[in-house]
Structures are given as C-alpha cells and as structure tokens.
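Next comes my_file.cif, with mmCIF, C-alpha atoms.
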```
data_start
loop_
_atom_site.label_atom_id
_atom_site.label_comp_id
_atom_site.auth_asym_id
_atom_site.auth_seq_id
_atom_site.Cartn_x
_atom_site.Cartn_y
_atom_site.Cartn_z
CA MET A 689 207.37 34.72 148.11
CA ALA A 690 203.69 34.07 148.65
CA SER A 691 202.87 36.56 145.91
CA ARG A 692 204.53 34.27 143.35
CA GLN A 693 202.12 31.44 144.03
CA PRO A 694 199.43 31.15 141.37
CA SER A 695 196.79 31.55 144.07
CA THR A 696 193.89 33.97 143.80
CA PRO A 697 195.30 37.49 143.61
CA PRO A 698 194.05 39.90 146.29
CA VAL A 699 192.52 42.31 143.78
CA PRO A 700 191.88 40.47 140.48
CA VAL A 701 192.15 42.84 137.53
CA GLY A 702 191.81 40.74 134.41
CA ASP A 703 190.09 37.39 133.97
CA ARG A 704 193.19 35.81 132.45
CA SER A 705 195.72 34.25 134.82
CA PRO A 706 199.15 35.64 133.86
CA ALA A 707 201.56 33.06 132.55
CA TYR A 708 204.38 32.49 130.12
CA PRO A 709 203.41 31.77 126.50
CA LYS A 710 202.15 28.22 126.07
CA ALA A 711 205.34 26.87 124.45
CA VAL A 712 207.47 28.23 127.30
CA GLU A 713 205.14 26.73 129.93
CA ALA A 714 205.32 23.38 128.12
CA LEU A 715 209.13 23.47 128.11
CA ILE A 716 209.26 24.36 131.83
CA THR A 717 206.89 21.47 132.58
CA GLU A 718 209.07 19.07 130.57
CA PHE A 719 212.27 20.14 132.32
CA ALA A 720 210.54 19.97 135.71
CA SER A 721 209.58 16.34 135.03
CA LEU A 722 213.27 15.34 134.95
CA PRO A 723 214.66 13.76 138.13
CA GLY A 724 216.15 16.28 140.56
CA ILE A 725 214.93 19.29 138.58
CA GLY A 726 212.45 21.51 140.42
CA ARG A 727 210.19 24.19 138.99
CA ARG A 728 212.72 26.96 139.70
CA THR A 729 215.59 25.14 137.98
CA ALA A 730 213.27 24.18 135.12
CA GLU A 731 212.48 27.88 134.58
CA ARG A 732 216.18 28.69 134.55
CA LEU A 733 216.87 25.97 131.98
CA ALA A 734 213.92 27.08 129.82
CA PHE A 735 215.19 30.67 129.84
CA HIS A 736 218.64 29.41 128.94
CA MET A 737 217.08 27.64 125.94
CA LEU A 738 215.26 30.84 124.97
CA LYS A 739 218.46 32.89 125.12
CA ALA A 740 220.75 30.32 123.51
CA PRO A 741 221.36 30.41 119.75
CA ALA A 742 218.86 28.17 117.94
CA GLN A 743 221.61 25.78 116.85
CA GLU A 744 222.75 25.21 120.42
CA ALA A 745 219.23 24.64 121.79
CA LEU A 746 218.28 22.32 118.95
CA ALA A 747 221.47 20.30 119.53
CA LEU A 748 219.96 19.10 122.84
CA ALA A 749 216.66 18.25 121.15
CA GLY A 750 218.56 16.38 118.44
CA ALA A 751 220.70 14.49 120.96
CA ILE A 752 217.58 13.26 122.78
CA GLU A 753 216.03 12.10 119.52
CA ALA A 754 219.26 10.37 118.44
CA VAL A 755 219.48 8.49 121.74
CA LYS A 756 215.87 7.31 121.54
CA ARG A 757 216.35 6.32 117.89
CA THR A 758 219.71 4.53 118.01
CA ILE A 759 220.45 3.29 121.53
CA ARG A 760 219.35 -0.15 122.65
CA HIS A 761 220.46 -2.84 125.06
CA CYS A 762 222.96 -5.53 124.10
CA ASP A 763 221.14 -8.83 123.42
CA ARG A 764 223.51 -10.67 125.74
CA CYS A 765 224.69 -8.39 128.57
CA TRP A 766 222.10 -5.57 128.50
CA SER A 767 224.80 -2.92 128.30
CA LEU A 768 224.05 0.10 126.09
CA CYS A 769 224.95 -0.16 122.43
CA ASP A 770 223.79 0.87 119.00
CA GLY A 771 223.76 -2.59 117.40
CA PRO A 772 222.48 -6.03 118.48
CA LEU A 773 225.71 -6.80 120.41
CA CYS A 774 227.86 -4.39 122.44
CA ASP A 775 231.57 -3.95 121.64
CA LEU A 776 232.60 -6.07 124.62
CA CYS A 777 230.34 -9.04 123.82
CA ALA A 778 231.41 -8.86 120.17
CA ASP A 779 235.13 -8.82 121.05
CA PRO A 780 236.61 -12.35 120.64
CA GLY A 781 239.62 -11.19 122.70
CA ARG A 782 237.58 -11.04 125.93
CA ASP A 783 237.42 -14.00 128.33
CA ARG A 784 233.88 -15.16 127.63
CA ALA A 785 233.84 -17.73 130.44
CA THR A 786 233.79 -14.99 133.11
CA VAL A 787 230.78 -12.73 133.70
CA LEU A 788 230.87 -9.72 136.04
CA VAL A 789 227.36 -8.76 137.19
CA VAL A 790 226.73 -5.02 137.76
CA GLU A 791 223.65 -2.92 138.48
CA GLN A 792 223.99 -0.16 135.88
CA PRO A 793 225.83 0.58 132.62
CA LYS A 794 227.67 3.30 134.59
CA ASP A 795 229.19 0.64 136.82
CA LEU A 796 230.44 -1.25 133.76
CA ILE A 797 232.13 1.90 132.44
CA ALA A 798 233.79 2.56 135.81
CA LEU A 799 235.14 -0.99 135.98
CA GLU A 800 236.31 -0.94 132.36
CA GLN A 801 238.26 2.24 132.99
CA THR A 802 240.51 0.40 135.43
CA GLY A 803 241.69 -1.79 132.55
CA MET A 804 241.98 -4.67 135.08
CA TYR A 805 239.19 -6.91 133.83
CA ARG A 806 239.06 -8.82 130.56
CA GLY A 807 235.90 -10.89 130.91
CA LEU A 808 232.31 -10.05 129.96
CA TYR A 809 229.60 -8.28 131.94
CA HIS A 810 225.92 -8.64 132.73
CA VAL A 811 223.95 -5.48 133.55
CA LEU A 812 220.98 -6.12 135.87
CA MET A 813 219.39 -2.73 135.11
CA GLY A 814 218.75 -2.09 138.80
CA ARG A 815 218.76 -3.97 142.09
CA LEU A 816 216.14 -5.93 144.01
CA SER A 817 213.95 -3.57 146.00
CA PRO A 818 210.79 -5.20 147.35
CA LEU A 819 209.51 -1.86 148.70
CA ASP A 820 209.56 -0.44 145.17
CA ASP A 821 208.06 -3.61 143.69
CA VAL A 822 211.33 -4.49 141.95
CA GLY A 823 211.62 -8.30 141.98
CA PRO A 824 213.94 -10.64 140.02
CA ASP A 825 211.73 -10.46 136.92
CA GLU A 826 211.95 -6.66 136.78
CA LEU A 827 215.72 -7.06 136.47
CA THR A 828 217.64 -8.98 133.79
CA ILE A 829 218.22 -11.92 136.16
CA PRO A 830 216.26 -14.39 133.96
CA SER A 831 218.50 -13.38 131.05
CA LEU A 832 221.64 -13.97 133.16
CA LEU A 833 220.46 -17.45 134.20
CA ASP A 834 219.67 -18.15 130.55
CA ARG A 835 223.28 -17.26 129.60
CA LEU A 836 224.53 -19.71 132.22
CA ASP A 837 222.12 -22.52 131.37
CA HIS A 838 222.52 -22.27 127.58
CA PRO A 839 226.15 -21.65 126.52
CA ASP A 840 224.92 -20.86 123.00
CA HIS A 841 223.20 -17.82 124.52
CA ASN A 842 226.56 -16.54 125.78
CA PRO A 843 228.82 -14.73 123.26
CA GLY A 844 230.92 -17.15 121.23
CA GLY A 845 228.90 -20.09 122.62
CA VAL A 846 231.37 -20.31 125.51
CA ALA A 847 230.12 -21.85 128.79
CA VAL A 848 230.36 -19.48 131.76
CA ARG A 849 232.68 -20.82 134.49
CA GLU A 850 232.81 -17.86 136.90
CA VAL A 851 230.31 -15.21 137.91
CA ILE A 852 231.70 -12.18 139.79
CA LEU A 853 229.08 -10.22 141.74
CA GLY A 854 229.87 -6.52 141.31
CA LEU A 855 226.83 -4.97 143.01
CA ASN A 856 227.02 -1.81 145.06
CA PRO A 857 228.08 -2.38 148.69
CA THR A 858 224.69 -1.15 149.94
CA LEU A 859 221.76 -2.79 151.69
CA GLU A 860 219.88 -3.37 148.44
CA GLY A 861 223.02 -4.32 146.52
CA ASP A 862 223.89 -6.91 149.17
CA GLY A 863 220.33 -8.26 149.10
CA THR A 864 220.53 -8.66 145.35
CA ALA A 865 223.92 -10.38 145.61
CA LEU A 866 222.49 -12.78 148.20
CA HIS A 867 219.57 -13.65 145.93
CA LEU A 868 221.91 -14.21 142.97
CA ALA A 869 224.28 -16.35 145.03
CA GLU A 870 221.35 -18.61 145.95
CA GLU A 871 220.21 -18.86 142.34
CA LEU A 872 223.76 -19.71 141.25
CA ARG A 873 224.49 -22.29 143.96
CA ALA A 874 222.74 -25.05 142.00
CA ARG A 875 224.71 -24.28 138.87
CA ALA A 876 228.23 -25.43 138.02
CA VAL A 877 229.82 -21.97 138.19
CA ALA A 878 232.27 -20.41 140.60
CA VAL A 879 230.76 -17.37 142.31
CA SER A 880 232.84 -14.55 143.77
CA ARG A 881 232.21 -10.94 144.68
CA LEU A 882 234.31 -7.79 144.45
CA ALA A 883 236.62 -7.31 147.45
CA ARG A 884 235.48 -5.05 150.22
CA GLY A 885 237.79 -3.16 152.56
CA LEU A 886 239.64 0.11 153.01
CA PRO A 887 239.33 2.37 149.97
CA SER A 888 242.79 2.93 148.50
CA GLY A 889 244.12 6.40 149.31
CA SER A 890 241.91 6.82 152.37
CA GLN A 891 243.00 7.23 155.96
CA LEU A 892 242.23 4.56 158.50
CA GLU A 893 241.28 7.01 161.23
CA TYR A 894 238.43 8.36 159.10
CA ALA A 895 237.04 5.01 157.92
CA ASN A 896 233.65 4.13 159.41
CA LYS A 897 232.85 1.01 161.40
CA ALA A 898 231.34 -0.94 158.49
CA VAL A 899 234.44 -0.34 156.35
CA LEU A 900 236.79 -1.35 159.16
CA ALA A 901 234.70 -4.45 159.90
CA ASP A 902 234.92 -5.43 156.21
CA ALA A 903 238.67 -4.79 156.25
CA ILE A 904 239.16 -7.05 159.28
CA THR A 905 236.85 -9.84 158.12
CA GLY A 906 238.31 -9.87 154.62
CA ARG A 907 241.98 -9.49 155.62
CA GLN A 908 244.32 -10.85 152.97
CA LYS A 909 247.49 -12.91 153.38
CA VAL A 910 250.73 -11.10 152.48
CA MET B 969 237.34 7.59 143.03
CA ALA B 970 240.70 7.81 141.27
CA SER B 971 239.89 4.66 139.34
CA ARG B 972 236.93 6.43 137.65
CA GLN B 973 239.17 9.02 135.99
CA PRO B 974 239.75 8.30 132.30
CA SER B 975 243.51 8.37 132.93
CA THR B 976 245.88 5.71 131.69
CA PRO B 977 244.78 2.43 133.27
CA PRO B 978 247.41 0.62 135.34
CA VAL B 979 247.29 -2.51 133.16
CA PRO B 980 245.86 -1.65 129.74
CA VAL B 981 243.97 -4.58 128.26
CA GLY B 982 242.37 -3.36 125.03
CA ASP B 983 243.35 -0.46 122.81
CA ARG B 984 239.86 1.04 122.92
CA SER B 985 239.04 3.47 125.74
CA PRO B 986 235.77 2.32 127.30
CA ALA B 987 232.90 4.77 126.90
CA TYR B 988 229.16 5.03 126.39
CA PRO B 989 227.87 4.67 122.84
CA LYS B 990 228.39 7.85 120.80
CA ALA B 991 224.76 9.02 120.97
CA VAL B 992 224.73 8.69 124.76
CA GLU B 993 228.01 10.62 125.07
CA ALA B 994 226.57 13.36 122.85
CA LEU B 995 223.46 13.65 125.02
CA ILE B 996 225.52 13.80 128.23
CA THR B 997 227.65 16.56 126.69
CA GLU B 998 224.54 18.53 125.72
CA PHE B 999 222.98 18.25 129.18
CA ALA B 1000 226.31 19.19 130.79
CA SER B 1001 226.41 22.39 128.73
CA LEU B 1002 223.27 23.67 130.51
CA PRO B 1003 223.79 26.17 133.34
CA GLY B 1004 224.15 24.54 136.76
CA ILE B 1005 224.31 21.01 135.33
CA GLY B 1006 227.57 19.16 135.94
CA ARG B 1007 228.83 16.00 134.27
CA ARG B 1008 227.39 13.73 136.99
CA THR B 1009 223.91 15.29 136.81
CA ALA B 1010 224.09 15.23 133.02
CA GLU B 1011 224.75 11.48 133.15
CA ARG B 1012 221.76 11.01 135.45
CA LEU B 1013 219.52 13.00 133.09
CA ALA B 1014 220.79 11.09 130.05
CA PHE B 1015 220.04 7.77 131.75
CA HIS B 1016 216.60 9.02 132.67
CA MET B 1017 216.04 9.78 128.99
CA LEU B 1018 217.26 6.30 128.07
CA LYS B 1019 214.89 4.64 130.54
CA ALA B 1020 211.88 6.88 129.90
CA PRO B 1021 209.26 5.81 127.34
CA ALA B 1022 210.10 7.25 123.91
CA GLN B 1023 207.03 9.48 123.97
CA GLU B 1024 208.08 11.12 127.24
CA ALA B 1025 211.67 11.71 126.15
CA LEU B 1026 210.65 13.07 122.77
CA ALA B 1027 208.21 15.46 124.50
CA LEU B 1028 211.21 17.36 125.89
CA ALA B 1029 212.89 17.44 122.48
CA GLY B 1030 209.63 18.66 120.94
CA ALA B 1031 209.14 21.35 123.60
CA ILE B 1032 212.62 22.74 122.93
CA GLU B 1033 211.95 22.85 119.20
CA ALA B 1034 208.54 24.48 119.72
CA VAL B 1035 210.06 27.20 121.91
CA LYS B 1036 212.78 28.01 119.40
CA ARG B 1037 210.26 27.98 116.56
CA THR B 1038 207.41 29.99 118.08
CA ILE B 1039 208.63 32.20 120.93
CA ARG B 1040 209.81 35.73 120.25
CA HIS B 1041 209.94 39.05 122.07
CA CYS B 1042 207.02 41.50 122.03
CA ASP B 1043 207.76 44.35 119.60
CA ARG B 1044 206.90 46.91 122.28
CA CYS B 1045 207.75 45.61 125.74
CA TRP B 1046 210.18 42.72 124.98
CA SER B 1047 208.17 40.29 127.05
CA LEU B 1048 207.89 36.73 125.69
CA CYS B 1049 205.06 36.02 123.26
CA ASP B 1050 204.22 34.00 120.19
CA GLY B 1051 202.99 36.86 118.01
CA PRO B 1052 204.25 40.37 117.22
CA LEU B 1053 202.57 41.83 120.37
CA CYS B 1054 202.20 40.21 123.79
CA ASP B 1055 198.76 39.77 125.38
CA LEU B 1056 199.32 42.70 127.73
CA CYS B 1057 200.40 45.20 125.06
CA ALA B 1058 197.51 44.04 122.85
CA ASP B 1059 194.93 44.47 125.65
CA PRO B 1060 193.07 47.81 125.27
CA GLY B 1061 191.89 47.44 128.87
CA ARG B 1062 195.37 48.12 130.28
CA ASP B 1063 196.52 51.61 131.28
CA ARG B 1064 198.90 52.34 128.43
CA ALA B 1065 200.21 55.58 129.92
CA THR B 1066 202.05 53.72 132.69
CA VAL B 1067 205.11 51.54 132.07
CA LEU B 1068 206.70 49.33 134.72
CA VAL B 1069 210.33 48.54 133.89
CA VAL B 1070 211.59 45.09 134.97
CA GLU B 1071 214.77 43.10 134.35
CA GLN B 1072 213.37 39.75 133.23
CA PRO B 1073 210.14 38.21 131.91
CA LYS B 1074 210.02 36.26 135.20
CA ASP B 1075 209.69 39.55 137.13
CA LEU B 1076 206.76 40.55 134.95
CA ILE B 1077 204.97 37.28 135.70
CA ALA B 1078 205.57 37.68 139.44
CA LEU B 1079 204.14 41.22 139.41
CA GLU B 1080 201.17 40.21 137.25
CA GLN B 1081 200.30 37.45 139.67
CA THR B 1082 199.58 40.03 142.38
CA GLY B 1083 196.73 41.37 140.21
CA MET B 1084 197.57 44.85 141.60
CA TYR B 1085 198.93 46.50 138.46
CA ARG B 1086 197.02 47.36 135.32
CA GLY B 1087 199.56 49.30 133.26
CA LEU B 1088 202.08 48.02 130.69
CA TYR B 1089 205.61 46.72 131.17
CA HIS B 1090 209.03 47.06 129.62
CA VAL B 1091 211.48 44.17 129.98
CA LEU B 1092 215.13 45.28 129.96
CA MET B 1093 216.41 41.73 129.35
CA GLY B 1094 219.07 42.13 132.04
CA ARG B 1095 220.67 44.85 134.12
CA LEU B 1096 223.66 47.15 133.62
CA SER B 1097 226.83 45.34 134.57
CA PRO B 1098 230.01 47.08 133.39
CA LEU B 1099 232.20 44.21 134.61
CA ASP B 1100 230.36 41.83 132.27
CA ASP B 1101 230.40 44.37 129.40
CA VAL B 1102 226.65 44.90 129.68
CA GLY B 1103 225.98 48.56 128.84
CA PRO B 1104 222.70 50.38 128.01
CA ASP B 1105 222.82 49.21 124.38
CA GLU B 1106 223.02 45.54 125.41
CA LEU B 1107 219.69 46.05 127.19
CA THR B 1108 216.40 47.24 125.69
CA ILE B 1109 216.90 50.76 127.09
CA PRO B 1110 216.99 52.39 123.61
CA SER B 1111 213.67 50.72 122.86
CA LEU B 1112 212.17 52.07 126.14
CA LEU B 1113 213.32 55.63 125.36
CA ASP B 1114 211.87 55.23 121.87
CA ARG B 1115 208.47 54.30 123.40
CA LEU B 1116 208.61 57.46 125.52
CA ASP B 1117 209.78 59.77 122.73
CA HIS B 1118 207.39 58.47 120.07
CA PRO B 1119 203.89 57.79 121.44
CA ASP B 1120 203.04 55.94 118.23
CA HIS B 1121 205.67 53.38 119.23
CA ASN B 1122 203.73 52.71 122.48
CA PRO B 1123 200.69 50.39 122.26
CA GLY B 1124 197.54 52.27 121.23
CA GLY B 1125 199.61 55.35 120.38
CA VAL B 1126 199.18 56.51 123.99
CA ALA B 1127 201.85 58.86 125.43
CA VAL B 1128 203.59 57.45 128.52
CA ARG B 1129 203.03 59.63 131.61
CA GLU B 1130 204.60 57.50 134.34
CA VAL B 1131 207.54 55.11 134.43
CA ILE B 1132 207.80 52.80 137.47
CA LEU B 1133 211.26 51.33 138.04
CA GLY B 1134 210.81 47.72 139.12
CA LEU B 1135 214.42 46.54 139.13
CA ASN B 1136 215.78 44.09 141.68
CA PRO B 1137 216.87 45.74 144.96
CA THR B 1138 220.48 44.73 144.36
CA LEU B 1139 223.67 46.64 143.63
CA GLU B 1140 223.35 46.17 139.88
CA GLY B 1141 219.58 46.73 139.90
CA ASP B 1142 220.05 49.99 141.78
CA GLY B 1143 222.77 51.07 139.37
CA THR B 1144 220.49 50.39 136.43
CA ALA B 1145 217.64 52.30 138.10
CA LEU B 1146 219.96 55.26 138.69
CA HIS B 1147 221.01 55.28 135.04
CA LEU B 1148 217.37 55.10 133.89
CA ALA B 1149 216.31 57.88 136.28
CA GLU B 1150 218.96 60.12 134.75
CA GLU B 1151 217.88 59.29 131.21
CA LEU B 1152 214.25 59.99 132.13
CA ARG B 1153 214.86 63.27 134.01
CA ALA B 1154 214.92 65.27 130.76
CA ARG B 1155 211.64 63.73 129.61
CA ALA B 1156 208.13 64.78 130.65
CA VAL B 1157 207.33 61.60 132.57
CA ALA B 1158 206.82 60.95 136.25
CA VAL B 1159 209.38 58.45 137.54
CA SER B 1160 208.79 56.25 140.60
CA ARG B 1161 210.23 53.03 141.91
CA LEU B 1162 208.74 50.07 143.75
CA ALA B 1163 208.56 50.60 147.52
CA ARG B 1164 211.33 49.15 149.63
CA GLY B 1165 210.96 48.14 153.27
CA LEU B 1166 210.05 45.24 155.52
CA PRO B 1167 208.90 42.17 153.58
CA SER B 1168 205.30 41.42 154.52
CA GLY B 1169 205.04 38.42 156.84
CA SER B 1170 208.61 38.78 158.11
CA GLN B 1171 209.74 39.48 161.66
CA LEU B 1172 211.47 42.73 162.48
CA GLU B 1173 214.05 41.09 164.74
CA TYR B 1174 215.39 39.03 161.82
CA ALA B 1175 215.48 41.83 159.25
CA ASN B 1176 218.99 42.90 158.25
CA LYS B 1177 220.40 46.42 158.52
CA ALA B 1178 219.79 47.37 154.89
CA VAL B 1179 216.13 46.34 155.10
CA LEU B 1180 215.62 48.23 158.36
CA ALA B 1181 217.38 51.32 156.96
CA ASP B 1182 215.04 51.22 153.94
CA ALA B 1183 212.05 50.82 156.24
CA ILE B 1184 213.05 53.87 158.30
CA THR B 1185 213.98 56.09 155.35
CA GLY B 1186 210.86 55.19 153.42
CA ARG B 1187 208.42 55.32 156.37
CA GLN B 1188 204.89 55.97 155.25
CA LYS B 1189 202.23 58.22 156.82
CA VAL B 1190 199.31 56.39 158.38
#
```
For this file, produce the structure as structure tokens.
Amino acid sequence: MASRQPSTPPVPVGDRSPAYPKAVEALITEFASLPGIGRRTAERLAFHMLKAPAQEALALAGAIEAVKRTIRHCDRCWSLCDGPLCDLCADPGRDRATVLVVEQPKDLIALEQTGMYRGLYHVLMGRLSPLDDVGPDELTIPSLLDRLDHPDHNPGGVAVREVILGLNPTLEGDGTALHLAEELRARAVAVSRLARGLPSGSQLEYANKAVLADAITGRQKV
Amino acid sequence: MASRQPSTPPVPVGDRSPAYPKAVEALITEFASLPGIGRRTAERLAFHMLKAPAQEALALAGAIEAVKRTIRHCDRCWSLCDGPLCDLCADPGRDRATVLVVEQPKDLIALEQTGMYRGLYHVLMGRLSPLDDVGPDELTIPSLLDRLDHPDHNPGGVAVREVILGLNPTLEGDGTALHLAEELRARAVAVSRLARGLPSGSQLEYANKAVLADAITGRQKV
C-alpha cells in the first residue's frame, strides 16, 4: 500500500504530482471532513456522486442547502423546527407545566415515539464535559432556567411545575443531571429523572453490574 | 430499542407522528441513499450539517455541484478530467504507443504515483461481470479497440504497439483480462500484464497459496 502514499516516487518522471481533477479532489476533501468518514470512504462517496445521475447527486446538494436555509432552533425548547416555535411548543394540547430535559433533538424524537409523554421538552444541545470545555453556558441551561424563572418565557405563559431529567445514563449525562438538580433545588419545581433499571425485553443473566445495581436500588412496589 | 421503532405507540397522545422537520428528514434520506451509509450514520451526518457553520456545510453542497458541472471523461482514455482531454493524454512527453488498461480512475492514480510508467492509460470503467449484466459494451472496451484500430483516435495520432493489462488480480479482473487478450490477439500489438507475485515488504510465511503459486510460476531470472 506504500505506493499509494503521495510520497516522493522512486523514479520521478513528470514534475506534476498525479491527482484527480481539482473538483474531484475538493469533493473528496469535503466528504472526508465529515465525522466518521475517512479518506477511503470519501473517495468512494465522491465516485458514487460522479457515477450517479446529475439529478440524484444534486438532490443531496439541495437538501444540504435547504437545511441550512430553513432549519433553526425553537425559541423556547431548542428543538429543531422551521419556524420560531416548534410544533410541540405551539401545541396548546400539551401539558406546558412539565418540561423534560434531553441532550439532543434525537432523544426528543425517541421519547415522542413512545406516545407516553404529553408535556414539553428542553433540548440542552449537548452535555457538560469539562475536558472538552463544554460548561453550562455552552449548553442551553441558561435558557432553561429563564423558562423556569419567567413563566411568560414558557409557551402559553404557563409556570413550570415539574422538570424531568432525561439525560443519557452515562458518566457525562449523570454529571449534567447532577448540575441541573443543584441549579433547580432553589426553585419551586419538582425534579425527577427517567427510571433506570432492567431494559424491557432483556434477560437478567446478561445484564451488567451497573444495570443490576440500578434495578435493585430503584426497585418499585407492586 | 423497540420503543424507537415508528410503530403504533402503546398510548397514542397526538394524531401527528413525531418526526424531524421536513428539510432534516429529506437530508437524512439523501445521506442514507449513499453507498455504505445507513439510517443511523445518515442521521449523524445530517446533525453534523445542522451544527456546522453555514459556510462549511455549503462547501460540501458546492463541491457536489462543481463535480457534476465540470467533471467529464477524457475523450480518449476515459479518465476523469475537466476538459475534452485529460492531462496525460494531452502531454506530448508521454509514450503514446503504450496503453495500460485499468478498471477505475483510482487505479490510474495509484499507478501514476509510483512514477514508474510513462505511457498512456485506458480506463474500462469497471470489469466484466456477467452476473451483474456487465458485458464488454457496458465497459469502454469498444473505445479501446477503436484506439488500436484507428491511430488517429489515439492521442498524437500514434499507433499503439503495446497494451499492458492492469486489471485487479481477482476472479472478475482475470476474466476481463482474458477477454481482452482474446480481442487483442488478432491485432498487431504486444500484450502484457502487470507482474504477479509476493507483495514487496511482506513475509513469505504469511503469504497465501495463490500468492505463492503466482510467485513460483512467474519466477524471474536474476
């Protein structure tokens, strides 16, 4: 594979280093800058674009432009939307006194798909991560506290009575939940977090220690 | 994970199925249509686009458009270029009587980077694969034969004297080489193929049987 490296060739013939045409190189570089896409995959994607009918390739370009042009964050909950308020915040049928705090818009979608929750959300846009220089002000925590402190900044002007912490059950998610719980203690809101225990459909013998410990600690009355 | 499926929720609350805004869904669908990109990766890429500065995201869109607008195949060798002839075919310093046949533009780049070859190329744009309905006419084989039969269709009007088969050492590559060798037998050109044997830098004890067999059969005088 060493011969594929753009190092000095053993017997240089021309003075021009061989390469793809400029536009192809630029496309490979762009694909390779995406997360999880290496140079080899980027080449494969670029060649797919070259082979694909123009309409198909331009559909991707158009979709990127449309997203950058139309998508923004909801003024209240920071979820994704194409107007000032997201559908959930704008819906008078939702329980506006309850706010479920999640890390990412993806988490909101996953929870909504259960159909079990009828309150509002607040998307933090990440989690606290001191090692990556992500502190409370890099997240939407100030905006959450603002919703709690000023009911007119919550949809419908309704005062929030309960905050449910729906962060990922990871080290950083737990750290963020802890920080939020401390911030919320001084405020007149009930604070809860999503239940932790055995994942439904799993088998006890395969559950790891942390899961079993959660299941024991959080055992529920029947 | 069952709760993440968009199946009927156990207790439906609203009548609207929760989803990302339309533009985000469209972008996820476009990314997911790329080879080797599943729905989950497509979501990750779409969110990267959402988070990235507009300039960065639009650079990818622009690169796709530029490729579809400017890149075409060389009239002679089918390599990628942005004019009627590629740099190699247009270069009078190359040995135009020798043509190295490869499957893909990528192979051409890899060979060029060795700096060991100074002839021209011909890119087949694939390999024969009867199971996938890829016959000689789906490749650029007619165009190669045309270059051999009509010297004025070869760059500089030079008659081709040697064809080097540089197909991948795979079942389909070998089949394609065999077909080409038969086509070329009737023509007044020397036909050779790239040497096969032990990969430089490897260790004999780890080489597989096919590699060792090639190395024995193709042993070279010293």
Superposing chain B on chain A using every C-alpha atom, matched in order, leaves an RMSD of 0.4 Å
task = Determine, counting only C-alpha atoms, which protein, DNA and RNA residues have an atom within 9 Å of an atom of region 1028-1032 of chain B; residues of the same chain fewer than 2 positions away are not included. Present the result as number ranges by chain.
result = A: 711-712, 714-719, 734, 737-738, 745-746, 748-753; B: 1024-1026, 1034-1037
Between CA of Ser1047 (chain B) and CA of Gly1165 (chain B), what distance in Å does the model show, to one decimal?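 Between these atoms lies a distance of 27.5 Å.
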So which residues get picked by the PyMOL selection byres ((chain A and resi 780-790) around 9) here, written as a compact mmCIF listing (two decimals) with C-alpha atoms, in the coordinates of the input?
```txt
# COMPACT_ATOMS: atom_id res chain seq x y z
CA LEU A 776 232.60 -6.07 124.62
CA CYS A 777 230.34 -9.04 123.82
CA ALA A 778 231.41 -8.86 120.17
CA ASP A 779 235.13 -8.82 121.05
CA GLU A 791 223.65 -2.92 138.48
CA GLN A 792 223.99 -0.16 135.88
CA PRO A 793 225.83 0.58 132.62
CA LYS A 794 227.67 3.30 134.59
CA ASP A 795 229.19 0.64 136.82
CA LEU A 796 230.44 -1.25 133.76
CA ARG A 806 239.06 -8.82 130.56
CA GLY A 807 235.90 -10.89 130.91
CA LEU A 808 232.31 -10.05 129.96
CA TYR A 809 229.60 -8.28 131.94
CA HIS A 810 225.92 -8.64 132.73
CA VAL A 811 223.95 -5.48 133.55
CA LEU A 812 220.98 -6.12 135.87
CA MET A 813 219.39 -2.73 135.11
CA GLY A 814 218.75 -2.09 138.80
CA LEU A 832 221.64 -13.97 133.16
CA ASN A 842 226.56 -16.54 125.78
CA PRO A 843 228.82 -14.73 123.26
CA GLY A 844 230.92 -17.15 121.23
CA GLY A 845 228.90 -20.09 122.62
CA VAL A 846 231.37 -20.31 125.51
CA ALA A 847 230.12 -21.85 128.79
CA VAL A 848 230.36 -19.48 131.76
CA ARG A 849 232.68 -20.82 134.49
CA GLU A 850 232.81 -17.86 136.90
CA VAL A 851 230.31 -15.21 137.91
CA ILE A 852 231.70 -12.18 139.79
CA LEU A 853 229.08 -10.22 141.74
CA GLY A 854 229.87 -6.52 141.31
CA LEU A 855 226.83 -4.97 143.01
CA ASN A 856 227.02 -1.81 145.06
CA ARG A 881 232.21 -10.94 144.68
CA GLY B 982 242.37 -3.36 125.03
```
CA of Ile1077 (chain B) to CA of Leu1166 (chain B) measures 22.0 Å
Using the chain letters and numbers from this file, what does the PyMOL selection byres ((chain A and resi 903) around 12) select? Give the answer as a list in words. Ala883, Arg884, Gly885, Leu886, Pro887, Ser888, Leu892, Ala895, Asn896, Lys897, Ala898, Val899, Leu900, Ala901, Asp902, Ile904, Thr905, Gly906, Arg907 and Gln908 of chain A
